[in-house]
Amino acid sequence: MCLAIPGKVISLEGNGTGKVKYLGSTVLANFSLIPDLKVGDWVIVHAGFAISKLDQKEARRTLKLFKEMEKLSAIE
Amino acid sequence: MISKKSQTFALNNWRSRETVGKLLELIASRTRFLKTPVKIMEVCGTHTMTLHRFGLKPLLKQVGVEMISGPGCPVCITPDYFHEAIIDLITSQSNLIVCTFGDMTRVPTPKGALQTVVPKKGSKLQIVYSPEEALELARENPEKEIIFFGAGFETTIPGITFTAKKAFQEKLSNFSLLTAFWLIPPALEAIINSQELAISGFIYPGHVSVIIGEKPYSFVAQKYGLPGAIAGFEPADVLLGIASVVKQLKDNKPEVDNVYKRVVRPEGNTQALTLMSEMLEEVDADWRGLGVIPRSGLQLKPVYAQFDARRRYGLKLLPGKITASGCRCGDVIKGLISPQECPLFARVCQPDNPKGPCMVSYEGACLIEYKYSSGAKR
């Protein structure tokens with residue numbers, strides 16, 4: 001039930017809603033729980049509601065960590 | 001055109017064989033210093049799914065980590081009598097549209113399942129994807145009474161609660177909620193206190209944490225000295241969380257780590273939390289398997305009673321007779337037994353003919369084990 005997949009905001013439809021594209025399908029989602037979403041933002045949608053905006057900087061940081069892991073595990 | 005941003009979030013980045021292999025090595029380098037197997041509870045059913053779907057459980061065993069499934073499946077922990085109350089209502093009263101999420105309709109009870117009972121003439125059952133669809137039905141069908149029946153943790157609670165707020169604002173008199181709202185932190189404390197399991201740490205549910213943030217788990221580290229990490233749902237996310245827990249164990253520095261920072265903010269979703277505290281109040285709640293846990297549930301405040309189906313229809317939510325089906329969902333939820341240790345598993349209890357909710361829900365430990373475990377005794 002807590003399954004939620006990242007999707008990209010492709011339009012704002014007014015009334016606190018917008019369209020989100022993920023895994024090839026487009027759904028109408030409610031944006032009331034996250035103020036100030038913009039087209040192009042990535043969000044996590046759960047049961048029709050966007051509940052979190054993805055933070056690109058943090059995602060990059062984790063990916064960088066993966067890349068550096070070889071060195072990292074050698075140090076430990 | 002693929003933007004840089006979409007590459008950043010591409011799922012492949014969190015699923016690659018190389019990354020998973022390196023993370024397993026990292027975990028092994030830490031469990032070397034610990035008494036193994038290190039038992040870690042993944043609280044959330046969606047984590048259980050990741051562990052099975054990507055074949056991580058046997059790989060983790062090889063590096064000294066045993067994962068135990070927790071109570072994180074709302075369909076599983078909702079007692080039968082919620083279903084029985086709504087079944088009684090839909091079979092005795094006309095003019096109703098009962099809306100719910102798909103898996104809720106298949107939970108077997110002594111009175112049947114929502115999907116198989118015959119509603120009273122003029123009433124019907126409607127499966128919805130979002131609680132907002134139920135609200136829309138209420139607007140479109142003023143002559144009908146719409147009830148949304150929803151079970152959920154902190155992840156799902158704000159969306160459902162939002163519909164009650166909307167109904168209140170729009171003065172919709174034909175809409176109500178039957179809620180089974182559950183809170184994760186009190187359940188964690190109940191599991192720790194039950195002392196039936198020797199758990200060394202927790203993987204906290206990522207999307208519950210989206211709403212509540214990091215702080216509500218701090219008692220686990222501070223009061224009980226147990227480590228934990230908030231993790232996402234891709235293979236590398238879960239392994240990062242486990243790597244953090246074993247590091248905390250090795251260094252003897254329990255804390256609430258967050259390895260899902262791209263999605264979970266330390267303070268949670270303040271908008272959602274404000275909505276919840278505005279509309280809902282804490283109540284003692286009865287979990288399947290765990291029993292009554294103080295202040296572990298939420299319900300609409302009395303001022304919104306007209307939107308609470310329980311009060312509106314005088315539903316009696318009382319424990320009924322326990323049936324002798326032999327289903328051990330309760331023990332699976334508590335992590336006391338694995339699904340394969342239940343005598344019904346895969347023999348009489350199967351996805352087509354489930355005997356308990358753990359075989360119904362996509363997040364139920366039994367269904368997940370049945371689907372993904374090739375070594376299942378069938």
# chains A, B, ... in the order shown; residues from 1 in each chain; ligands from 1
>>> closest_atom_pairs(of="chain A", to="chain B", cutoff="7 Å", atoms="only C-alpha atoms", output="CSV")
residue,atom,partner,partner_atom,distance
A:Met1,CA,B:Glu363,CA,6.7
A:Cys2,CA,B:His207,CA,6.3
A:Leu3,CA,B:Thr46,CA,6.2
A:Leu33,CA,B:Gln271,CA,5.6
A:Ile34,CA,B:Gln271,CA,6.9
A:Ala47,CA,B:Ser130,CA,4.8
A:Gly48,CA,B:Ser130,CA,4.9
A:Phe49,CA,B:Gly159,CA,6.2
A:Ser52,CA,B:Val263,CA,6.2
A:Lys53,CA,B:Val263,CA,6.6
A:Leu54,CA,B:Val263,CA,5.1
A:Asp55,CA,B:Arg262,CA,4.6
A:Gln56,CA,B:Arg262,CA,6.7
A:Glu58,CA,B:Arg262,CA,4.7
A:Ala59,CA,B:Arg262,CA,5.1
A:Arg60,CA,B:Thr8,CA,6.4
A:Phe66,CA,B:Thr19,CA,6.2
A:Met69,CA,B:Lys22,CA,6.8
A:Glu70,CA,B:Lys22,CA,7.0
A:Ser73,CA,B:Leu26,CA,5.7
>>> residues_around(residues="segment 341-354 of chain B", least_positions_apart="5", cutoff="9 Å", atoms="only C-alpha atoms", output="list of chain:residue names")
B:Arg106, B:Val107, B:Pro108, B:Ser325, B:Gly326, B:Cys327, B:Arg328, B:Cys329, B:Asp331, B:Val332, B:Met359, B:Val360, B:Cys366, B:Leu367, B:Tyr370, B:Lys371, B:Ala376, B:Lys377, B:Arg378
>>> write_last_selection(atoms="N, CA and C atoms", output="PDB file, in the first residue's frame")
ATOM      1  N   ARG B 106     -10.778  -8.299  -1.030  1.00  0.00           N
ATOM      2  CA  ARG B 106     -10.551  -9.747  -1.120  1.00  0.00           C
ATOM      3  C   ARG B 106     -10.251 -10.400   0.227  1.00  0.00           C
ATOM      4  N   VAL B 107     -10.208  -9.612   1.296  1.00  0.00           N
ATOM      5  CA  VAL B 107      -9.873 -10.173   2.606  1.00  0.00           C
ATOM      6  C   VAL B 107     -10.988 -11.109   3.085  1.00  0.00           C
ATOM      7  N   PRO B 108     -10.652 -12.374   3.347  1.00  0.00           N
ATOM      8  CA  PRO B 108     -11.685 -13.319   3.766  1.00  0.00           C
ATOM      9  C   PRO B 108     -12.029 -13.147   5.246  1.00  0.00           C
ATOM     10  N   SER B 325      -9.672 -21.310  11.444  1.00  0.00           N
ATOM     11  CA  SER B 325      -9.155 -21.634  10.121  1.00  0.00           C
ATOM     12  C   SER B 325      -7.701 -22.107  10.194  1.00  0.00           C
ATOM     13  N   GLY B 326      -7.018 -21.790  11.295  1.00  0.00           N
ATOM     14  CA  GLY B 326      -5.616 -22.162  11.421  1.00  0.00           C
ATOM     15  C   GLY B 326      -4.675 -21.130  10.830  1.00  0.00           C
ATOM     16  N   CYS B 327      -5.242 -20.044  10.296  1.00  0.00           N
ATOM     17  CA  CYS B 327      -4.429 -18.970   9.710  1.00  0.00           C
ATOM     18  C   CYS B 327      -3.557 -18.334  10.784  1.00  0.00           C
ATOM     19  N   ARG B 328      -2.256 -18.188  10.486  1.00  0.00           N
ATOM     20  CA  ARG B 328      -1.356 -17.611  11.479  1.00  0.00           C
ATOM     21  C   ARG B 328      -0.826 -16.237  11.067  1.00  0.00           C
ATOM     22  N   CYS B 329      -1.641 -15.510  10.329  1.00  0.00           N
ATOM     23  CA  CYS B 329      -1.280 -14.154   9.908  1.00  0.00           C
ATOM     24  C   CYS B 329      -0.718 -13.334  11.074  1.00  0.00           C
ATOM     25  N   ASP B 331       0.915 -14.162  13.720  1.00  0.00           N
ATOM     26  CA  ASP B 331       2.297 -14.489  14.074  1.00  0.00           C
ATOM     27  C   ASP B 331       3.277 -14.068  12.974  1.00  0.00           C
ATOM     28  N   VAL B 332       2.797 -14.100  11.716  1.00  0.00           N
ATOM     29  CA  VAL B 332       3.643 -13.636  10.607  1.00  0.00           C
ATOM     30  C   VAL B 332       3.876 -12.139  10.746  1.00  0.00           C
ATOM     31  N   MET B 359      -2.044 -13.191   2.682  1.00  0.00           N
ATOM     32  CA  MET B 359      -1.980 -13.803   1.352  1.00  0.00           C
ATOM     33  C   MET B 359      -2.776 -12.981   0.345  1.00  0.00           C
ATOM     34  N   VAL B 360      -3.449 -11.914   0.821  1.00  0.00           N
ATOM     35  CA  VAL B 360      -4.265 -11.080  -0.060  1.00  0.00           C
ATOM     36  C   VAL B 360      -3.490  -9.876  -0.560  1.00  0.00           C
ATOM     37  N   CYS B 366       2.990 -13.256   3.155  1.00  0.00           N
ATOM     38  CA  CYS B 366       2.699 -14.583   2.591  1.00  0.00           C
ATOM     39  C   CYS B 366       2.593 -14.538   1.066  1.00  0.00           C
ATOM     40  N   LEU B 367       1.891 -13.539   0.545  1.00  0.00           N
ATOM     41  CA  LEU B 367       1.757 -13.444  -0.909  1.00  0.00           C
ATOM     42  C   LEU B 367       3.127 -13.205  -1.545  1.00  0.00           C
ATOM     43  N   TYR B 370       5.071 -16.358  -1.493  1.00  0.00           N
ATOM     44  CA  TYR B 370       4.502 -17.306  -2.470  1.00  0.00           C
ATOM     45  C   TYR B 370       4.957 -16.938  -3.889  1.00  0.00           C
ATOM     46  N   LYS B 371       4.903 -15.647  -4.191  1.00  0.00           N
ATOM     47  CA  LYS B 371       5.223 -15.203  -5.553  1.00  0.00           C
ATOM     48  C   LYS B 371       6.686 -15.361  -5.907  1.00  0.00           C
ATOM     49  N   ALA B 376      10.004 -22.372  -2.172  1.00  0.00           N
ATOM     50  CA  ALA B 376       8.833 -22.621  -1.321  1.00  0.00           C
ATOM     51  C   ALA B 376       8.437 -24.092  -1.352  1.00  0.00           C
ATOM     52  N   LYS B 377       8.055 -24.596  -0.175  1.00  0.00           N
ATOM     53  CA  LYS B 377       7.579 -25.992  -0.120  1.00  0.00           C
ATOM     54  C   LYS B 377       6.167 -26.021  -0.675  1.00  0.00           C
ATOM     55  N   ARG B 378       6.020 -26.317  -1.919  1.00  0.00           N
ATOM     56  CA  ARG B 378       4.657 -26.374  -2.465  1.00  0.00           C
ATOM     57  C   ARG B 378       4.338 -27.784  -2.911  1.00  0.00           C
TER      58      ARG B 378
END
>>> closest_residue(among="B:Leu89, B:Val43, B:Ala134, B:Ile203", to="Leu239 of chain B", atoms="only C-alpha atoms")
B:Ile203
>>> closest_residue(among="B:Pro142, B:Pro254, B:Gly102, B:Pro319", to="Gln126 of chain B", atoms="only C-alpha atoms")
B:Gly102
>>> select_by_dssp(residues="chain A", states="helix (DSSP H, G or I)", output="PDB file with N, CA and C atoms, in the first residue's frame")
ATOM      1  N   GLN A  56      17.018  16.549  -6.266  1.00  0.00           N
ATOM      2  CA  GLN A  56      17.995  16.115  -7.246  1.00  0.00           C
ATOM      3  C   GLN A  56      19.408  16.085  -6.674  1.00  0.00           C
ATOM      4  N   LYS A  57      19.693  17.076  -5.810  1.00  0.00           N
ATOM      5  CA  LYS A  57      21.044  17.156  -5.242  1.00  0.00           C
ATOM      6  C   LYS A  57      21.337  15.923  -4.382  1.00  0.00           C
ATOM      7  N   GLU A  58      20.338  15.536  -3.584  1.00  0.00           N
ATOM      8  CA  GLU A  58      20.525  14.364  -2.716  1.00  0.00           C
ATOM      9  C   GLU A  58      20.652  13.086  -3.548  1.00  0.00           C
ATOM     10  N   ALA A  59      19.862  13.010  -4.619  1.00  0.00           N
ATOM     11  CA  ALA A  59      19.941  11.822  -5.484  1.00  0.00           C
ATOM     12  C   ALA A  59      21.343  11.713  -6.078  1.00  0.00           C
ATOM     13  N   ARG A  60      21.876  12.858  -6.553  1.00  0.00           N
ATOM     14  CA  ARG A  60      23.226  12.862  -7.137  1.00  0.00           C
ATOM     15  C   ARG A  60      24.259  12.432  -6.107  1.00  0.00           C
ATOM     16  N   ARG A  61      24.056  12.907  -4.859  1.00  0.00           N
ATOM     17  CA  ARG A  61      25.009  12.590  -3.797  1.00  0.00           C
ATOM     18  C   ARG A  61      25.072  11.071  -3.585  1.00  0.00           C
ATOM     19  N   THR A  62      23.887  10.439  -3.571  1.00  0.00           N
ATOM     20  CA  THR A  62      23.853   8.982  -3.372  1.00  0.00           C
ATOM     21  C   THR A  62      24.513   8.265  -4.545  1.00  0.00           C
ATOM     22  N   LEU A  63      24.222   8.743  -5.757  1.00  0.00           N
ATOM     23  CA  LEU A  63      24.825   8.104  -6.939  1.00  0.00           C
ATOM     24  C   LEU A  63      26.346   8.233  -6.907  1.00  0.00           C
ATOM     25  N   LYS A  64      26.811   9.386  -6.435  1.00  0.00           N
ATOM     26  CA  LYS A  64      28.253   9.614  -6.330  1.00  0.00           C
ATOM     27  C   LYS A  64      28.856   8.628  -5.323  1.00  0.00           C
ATOM     28  N   LEU A  65      28.099   8.414  -4.255  1.00  0.00           N
ATOM     29  CA  LEU A  65      28.547   7.475  -3.225  1.00  0.00           C
ATOM     30  C   LEU A  65      28.729   6.079  -3.827  1.00  0.00           C
ATOM     31  N   PHE A  66      27.773   5.679  -4.659  1.00  0.00           N
ATOM     32  CA  PHE A  66      27.890   4.368  -5.301  1.00  0.00           C
ATOM     33  C   PHE A  66      29.172   4.301  -6.122  1.00  0.00           C
ATOM     34  N   LYS A  67      29.431   5.376  -6.845  1.00  0.00           N
ATOM     35  CA  LYS A  67      30.620   5.383  -7.707  1.00  0.00           C
ATOM     36  C   LYS A  67      31.897   5.297  -6.889  1.00  0.00           C
ATOM     37  N   GLU A  68      31.858   5.890  -5.714  1.00  0.00           N
ATOM     38  CA  GLU A  68      33.073   5.925  -4.889  1.00  0.00           C
ATOM     39  C   GLU A  68      33.199   4.709  -3.987  1.00  0.00           C
ATOM     40  N   MET A  69      32.216   3.840  -4.071  1.00  0.00           N
ATOM     41  CA  MET A  69      32.155   2.754  -3.093  1.00  0.00           C
ATOM     42  C   MET A  69      33.353   1.829  -3.148  1.00  0.00           C
ATOM     43  N   GLU A  70      33.883   1.667  -4.320  1.00  0.00           N
ATOM     44  CA  GLU A  70      35.031   0.772  -4.453  1.00  0.00           C
ATOM     45  C   GLU A  70      36.147   1.240  -3.518  1.00  0.00           C
ATOM     46  N   LYS A  71      36.442   2.514  -3.616  1.00  0.00           N
ATOM     47  CA  LYS A  71      37.464   3.084  -2.737  1.00  0.00           C
ATOM     48  C   LYS A  71      37.031   2.950  -1.287  1.00  0.00           C
ATOM     49  N   LEU A  72      35.769   3.284  -1.056  1.00  0.00           N
ATOM     50  CA  LEU A  72      35.226   3.312   0.295  1.00  0.00           C
ATOM     51  C   LEU A  72      35.341   1.967   1.003  1.00  0.00           C
ATOM     52  N   SER A  73      34.971   0.889   0.281  1.00  0.00           N
ATOM     53  CA  SER A  73      35.010  -0.408   0.962  1.00  0.00           C
ATOM     54  C   SER A  73      36.441  -0.877   1.166  1.00  0.00           C
ATOM     55  N   ALA A  74      37.374  -0.349   0.346  1.00  0.00           N
ATOM     56  CA  ALA A  74      38.773  -0.716   0.540  1.00  0.00           C
ATOM     57  C   ALA A  74      39.325  -0.096   1.824  1.00  0.00           C
ATOM     58  N   ILE A  75      38.822   1.112   2.148  1.00  0.00           N
ATOM     59  CA  ILE A  75      39.320   1.820   3.336  1.00  0.00           C
ATOM     60  C   ILE A  75      38.875   1.139   4.635  1.00  0.00           C
TER      61      ILE A  75
END
>>> residues_around(residues="segment 20-32 of chain A", least_positions_apart="3", cutoff="8 Å", atoms="only C-alpha atoms", output="NGL selection string")
:A and (5-11 or 16-17 or 35 or 37 or 45 or 48-51)
>>> write_last_selection(atoms="C-alpha atoms", output="PDB file, in the first residue's frame")
ATOM      1  CA  ILE A   5       6.873   5.558  -7.729  1.00  0.00           C
ATOM      2  CA  PRO A   6       8.771   8.668  -8.873  1.00  0.00           C
ATOM      3  CA  GLY A   7       7.096  10.537 -11.707  1.00  0.00           C
ATOM      4  CA  LYS A   8       7.583  13.807 -13.540  1.00  0.00           C
ATOM      5  CA  VAL A   9       5.131  16.689 -13.396  1.00  0.00           C
ATOM      6  CA  ILE A  10       4.098  17.439 -16.978  1.00  0.00           C
ATOM      7  CA  SER A  11       1.301  19.950 -16.411  1.00  0.00           C
ATOM      8  CA  GLY A  16      -4.309  21.902  -6.725  1.00  0.00           C
ATOM      9  CA  THR A  17      -3.985  19.120  -9.281  1.00  0.00           C
ATOM     10  CA  PRO A  35       2.874  23.532  -2.328  1.00  0.00           C
ATOM     11  CA  LEU A  37       5.170  22.240  -7.569  1.00  0.00           C
ATOM     12  CA  VAL A  45       2.765   9.871  -5.886  1.00  0.00           C
ATOM     13  CA  GLY A  48      -3.477   9.817  -6.139  1.00  0.00           C
ATOM     14  CA  PHE A  49      -1.604  12.320  -3.977  1.00  0.00           C
ATOM     15  CA  ALA A  50       1.895  13.719  -4.505  1.00  0.00           C
ATOM     16  CA  ILE A  51       3.523  13.294  -1.090  1.00  0.00           C
TER      17      ILE A  51
END
>>> residues_around(residues="Phe202 of chain B", least_positions_apart="6", cutoff="6 Å", atoms="only C-alpha atoms", output="MDAnalysis selection string")
chainID B and resid 40:41 228
>>> write_last_selection(atoms="C-alpha atoms", output="PDB file, in the first residue's frame")
ATOM      1  CA  ILE B  40      17.020  -6.737  11.229  1.00  0.00           C
ATOM      2  CA  MET B  41      13.327  -6.035  10.847  1.00  0.00           C
ATOM      3  CA  GLY B 228      17.689   2.110  12.477  1.00  0.00           C
TER       4      GLY B 228
END
>>> select_by_dssp(residues="chain A", states="strand (DSSP E or B)", output="ChimeraX atom specification")
/A:5-14,17-22,25-30,42-46,49-53
>>> residues_around(residues="Val303 of chain B", least_positions_apart="3", cutoff="10 Å", atoms="only C-alpha atoms", output="MDAnalysis selection string")
chainID B and resid 279:280 300 306:307
